[in-house]
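Accompanying notes for the structure given below.
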Amino acid sequence: MTTVVHEFDWPDRVVIGTVGRPGERTFYLQARAGKRTASIAMEKQQSAVLAEMIDKMLDELVTADDTLSIPAEVPAELVDDAPLEQPVEEDFRTGSMRLGWDPRTAQLVIEAFPVEEDLPADDDALVVDENEPEPSEMLVVRIPVGTARAFAERARRVVASGRPTCSDCGMPMDEDGHECAPDPGT
């Protein structure tokens, strides 16, 4: 089977964003180069883990290679608070992801693979099992370090912008109210 590859080298834009209201949001990783756009659906937790892993990789690169200029903070010119490109047309739902480093171009490489119907999905997966069959589609995005830092920061903000949590039970509260679950210890 041939794999359809949505590949973006030096994209004009790459962001995590959502569609829907808090509590009913769908998360997307969206990349754009010129007029070509790819939008892949993700779980909220996958978005959070991806941001965490990007920052971890960038921090490790800072200590491992003193020839690289990796910003500790997001460069102001790379902050992107704009909504997702419309219309959002889902290319696939992400099952697993892989994060890598290309030393030739000094870019982070994000690879995302779809949930395959015959394969179990792991929402926290950032590693692909080498024994898995070839995927039907995949997304490959190569981004420079400053863009990667901005991507991770935005992803964290988007994840945190959901429903507020109840100060009593810690569960998310909906707009129309909230009933705390009974404490199992009482």
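Chain lettering (A, B, ...) mirrors the order of the structure tokens, residue numbering begins at 1 for each chain separately, and ligand numbering begins at 1 in order of display.
Residues in contact with Gly20 (chain A) at up to 12 Å, not including ones fewer than 4 positions away on its chain and judged by only C-alpha atoms, are Glu24, Arg25, Thr26, Phe27, Tyr28, Pro83, Leu84, Val88 and Gly162 of chain A.
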**OP:** Give the strand (DSSP E or B) residues of region 76-110 of chain A, as assigned by DSSP on the backbone, as a list in words.
**Re:** Glu90, Asp91, Phe92, Arg93, Thr94, Gly95, Ser96, Met97, Arg98, Leu99, Gly100, Trp101, Asp102, Gln107, Leu108, Val109 and Ile110 of chain A
Just write the chosen residues, N, CA, C and O atoms, as a compact mmCIF listing (two decimals), in the first residue's frame.
# COMPACT_ATOMS: atom_id res chain seq x y z
N GLU A 90 -10.53 17.80 8.20
CA GLU A 90 -9.68 16.79 8.84
C GLU A 90 -9.11 15.82 7.81
O GLU A 90 -9.85 15.18 7.07
N ASP A 91 -7.78 15.72 7.78
CA ASP A 91 -7.13 14.76 6.90
C ASP A 91 -7.14 13.37 7.52
O ASP A 91 -7.36 12.38 6.83
N PHE A 92 -6.87 13.29 8.83
CA PHE A 92 -6.99 12.04 9.57
C PHE A 92 -6.93 12.32 11.06
O PHE A 92 -6.59 13.42 11.47
N ARG A 93 -7.29 11.34 11.86
CA ARG A 93 -7.19 11.42 13.32
C ARG A 93 -5.89 10.76 13.73
O ARG A 93 -5.59 9.65 13.35
N THR A 94 -5.11 11.49 14.54
CA THR A 94 -3.79 11.02 14.94
C THR A 94 -3.87 9.87 15.93
O THR A 94 -4.57 9.95 16.92
N GLY A 95 -3.09 8.83 15.63
CA GLY A 95 -2.94 7.72 16.56
C GLY A 95 -1.63 7.84 17.30
O GLY A 95 -1.59 8.00 18.50
N SER A 96 -0.54 7.79 16.57
CA SER A 96 0.78 7.90 17.19
C SER A 96 1.59 8.98 16.49
O SER A 96 1.28 9.39 15.38
N MET A 97 2.63 9.42 17.20
CA MET A 97 3.48 10.48 16.68
C MET A 97 4.93 10.15 16.97
O MET A 97 5.23 9.35 17.86
N ARG A 98 5.80 10.79 16.20
CA ARG A 98 7.24 10.65 16.42
C ARG A 98 7.85 12.04 16.30
O ARG A 98 7.46 12.82 15.44
N LEU A 99 8.78 12.35 17.20
CA LEU A 99 9.45 13.64 17.19
C LEU A 99 10.93 13.38 17.00
O LEU A 99 11.51 12.52 17.67
N GLY A 100 11.55 14.11 16.08
CA GLY A 100 12.96 13.91 15.81
C GLY A 100 13.68 15.20 15.52
O GLY A 100 13.09 16.29 15.53
N TRP A 101 14.97 15.07 15.28
CA TRP A 101 15.84 16.20 15.01
C TRP A 101 16.61 15.92 13.74
O TRP A 101 17.19 14.85 13.57
N ASP A 102 16.61 16.87 12.80
CA ASP A 102 17.39 16.74 11.58
C ASP A 102 18.58 17.68 11.69
O ASP A 102 18.44 18.90 11.51
N GLN A 107 16.40 21.40 12.13
CA GLN A 107 14.96 21.48 12.27
C GLN A 107 14.43 20.33 13.11
O GLN A 107 14.97 19.21 13.05
N LEU A 108 13.36 20.60 13.87
CA LEU A 108 12.61 19.53 14.52
C LEU A 108 11.70 18.90 13.48
O LEU A 108 11.20 19.61 12.59
N VAL A 109 11.50 17.61 13.60
CA VAL A 109 10.64 16.90 12.66
C VAL A 109 9.51 16.25 13.46
O VAL A 109 9.76 15.45 14.35
N ILE A 110 8.29 16.64 13.12
CA ILE A 110 7.10 16.05 13.73
C ILE A 110 6.48 15.12 12.70
O ILE A 110 6.20 15.54 11.57
Subject >> Of the listed residues A:Pro164, A:Pro103, A:Pro135, A:Pro114, that which approaches Leu68 (chain A) most closely, counting only C-alpha atoms >> reply: A:Pro103
Original post:
Between CA of Arg13 (chain A) and CA of Val159 (chain A), what is the spacing in Å?
Top reply: 18.7 Å
Subject >> Spatial neighbours of Ala160 (chain A), max dist 12 Å, only C-alpha atoms, sep filter under 4 positions, as a ChimeraX atom specification >> reply: /A:17-18,22-23,44-45,47-48,153-156,164-165,172
Next, dump the selected residues to file, keeping only N, CA, C and O atoms, as a PDB file, in the first residue's frame.
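The resulting selection-v1.pdb:
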ATOM      1  N   GLY A  17      -4.652  24.119  17.336  1.00  0.00           N
ATOM      2  CA  GLY A  17      -5.846  24.928  17.552  1.00  0.00           C
ATOM      3  C   GLY A  17      -7.033  24.019  17.785  1.00  0.00           C
ATOM      4  O   GLY A  17      -6.909  22.792  17.724  1.00  0.00           O
ATOM      5  N   THR A  18      -8.175  24.631  18.055  1.00  0.00           N
ATOM      6  CA  THR A  18      -9.367  23.839  18.341  1.00  0.00           C
ATOM      7  C   THR A  18     -10.559  24.351  17.554  1.00  0.00           C
ATOM      8  O   THR A  18     -10.600  25.500  17.124  1.00  0.00           O
ATOM      9  N   PRO A  22     -15.465  24.833  24.739  1.00  0.00           N
ATOM     10  CA  PRO A  22     -14.796  24.053  25.784  1.00  0.00           C
ATOM     11  C   PRO A  22     -15.671  22.889  26.266  1.00  0.00           C
ATOM     12  O   PRO A  22     -16.865  23.051  26.471  1.00  0.00           O
ATOM     13  N   GLY A  23     -15.042  21.751  26.402  1.00  0.00           N
ATOM     14  CA  GLY A  23     -15.748  20.533  26.787  1.00  0.00           C
ATOM     15  C   GLY A  23     -16.178  19.718  25.589  1.00  0.00           C
ATOM     16  O   GLY A  23     -16.480  18.537  25.701  1.00  0.00           O
ATOM     17  N   LYS A  44      -6.554  16.052  23.216  1.00  0.00           N
ATOM     18  CA  LYS A  44      -6.011  17.131  24.038  1.00  0.00           C
ATOM     19  C   LYS A  44      -4.696  16.695  24.671  1.00  0.00           C
ATOM     20  O   LYS A  44      -3.716  17.441  24.676  1.00  0.00           O
ATOM     21  N   GLN A  45      -4.665  15.472  25.201  1.00  0.00           N
ATOM     22  CA  GLN A  45      -3.468  14.973  25.866  1.00  0.00           C
ATOM     23  C   GLN A  45      -2.301  14.836  24.886  1.00  0.00           C
ATOM     24  O   GLN A  45      -1.160  15.101  25.240  1.00  0.00           O
ATOM     25  N   SER A  47      -1.747  16.760  22.353  1.00  0.00           N
ATOM     26  CA  SER A  47      -1.269  18.126  22.150  1.00  0.00           C
ATOM     27  C   SER A  47      -0.360  18.554  23.295  1.00  0.00           C
ATOM     28  O   SER A  47       0.706  19.137  23.074  1.00  0.00           O
ATOM     29  N   ALA A  48      -0.776  18.244  24.523  1.00  0.00           N
ATOM     30  CA  ALA A  48       0.020  18.609  25.703  1.00  0.00           C
ATOM     31  C   ALA A  48       1.352  17.862  25.719  1.00  0.00           C
ATOM     32  O   ALA A  48       2.401  18.466  25.989  1.00  0.00           O
ATOM     33  N   GLU A 153       4.617  26.613  22.911  1.00  0.00           N
ATOM     34  CA  GLU A 153       3.977  27.585  23.810  1.00  0.00           C
ATOM     35  C   GLU A 153       2.502  27.748  23.473  1.00  0.00           C
ATOM     36  O   GLU A 153       1.641  27.759  24.347  1.00  0.00           O
ATOM     37  N   ARG A 154       2.188  27.873  22.191  1.00  0.00           N
ATOM     38  CA  ARG A 154       0.780  28.005  21.790  1.00  0.00           C
ATOM     39  C   ARG A 154       0.007  26.750  22.160  1.00  0.00           C
ATOM     40  O   ARG A 154      -1.114  26.837  22.655  1.00  0.00           O
ATOM     41  N   ALA A 155       0.582  25.582  21.928  1.00  0.00           N
ATOM     42  CA  ALA A 155      -0.104  24.330  22.262  1.00  0.00           C
ATOM     43  C   ALA A 155      -0.459  24.293  23.750  1.00  0.00           C
ATOM     44  O   ALA A 155      -1.577  23.912  24.114  1.00  0.00           O
ATOM     45  N   ARG A 156       0.468  24.712  24.602  1.00  0.00           N
ATOM     46  CA  ARG A 156       0.186  24.736  26.046  1.00  0.00           C
ATOM     47  C   ARG A 156      -0.955  25.700  26.371  1.00  0.00           C
ATOM     48  O   ARG A 156      -1.831  25.401  27.187  1.00  0.00           O
ATOM     49  N   PRO A 164     -12.950  25.675  33.080  1.00  0.00           N
ATOM     50  CA  PRO A 164     -12.331  25.873  34.395  1.00  0.00           C
ATOM     51  C   PRO A 164     -12.556  24.643  35.274  1.00  0.00           C
ATOM     52  O   PRO A 164     -13.517  23.891  35.064  1.00  0.00           O
ATOM     53  N   THR A 165     -11.676  24.438  36.233  1.00  0.00           N
ATOM     54  CA  THR A 165     -11.827  23.291  37.124  1.00  0.00           C
ATOM     55  C   THR A 165     -12.497  23.715  38.423  1.00  0.00           C
ATOM     56  O   THR A 165     -12.333  24.839  38.894  1.00  0.00           O
ATOM     57  N   PRO A 172     -13.600  19.267  35.568  1.00  0.00           N
ATOM     58  CA  PRO A 172     -13.977  20.395  34.715  1.00  0.00           C
ATOM     59  C   PRO A 172     -15.435  20.795  34.947  1.00  0.00           C
ATOM     60  O   PRO A 172     -16.290  19.937  35.178  1.00  0.00           O
TER      61      PRO A 172
END
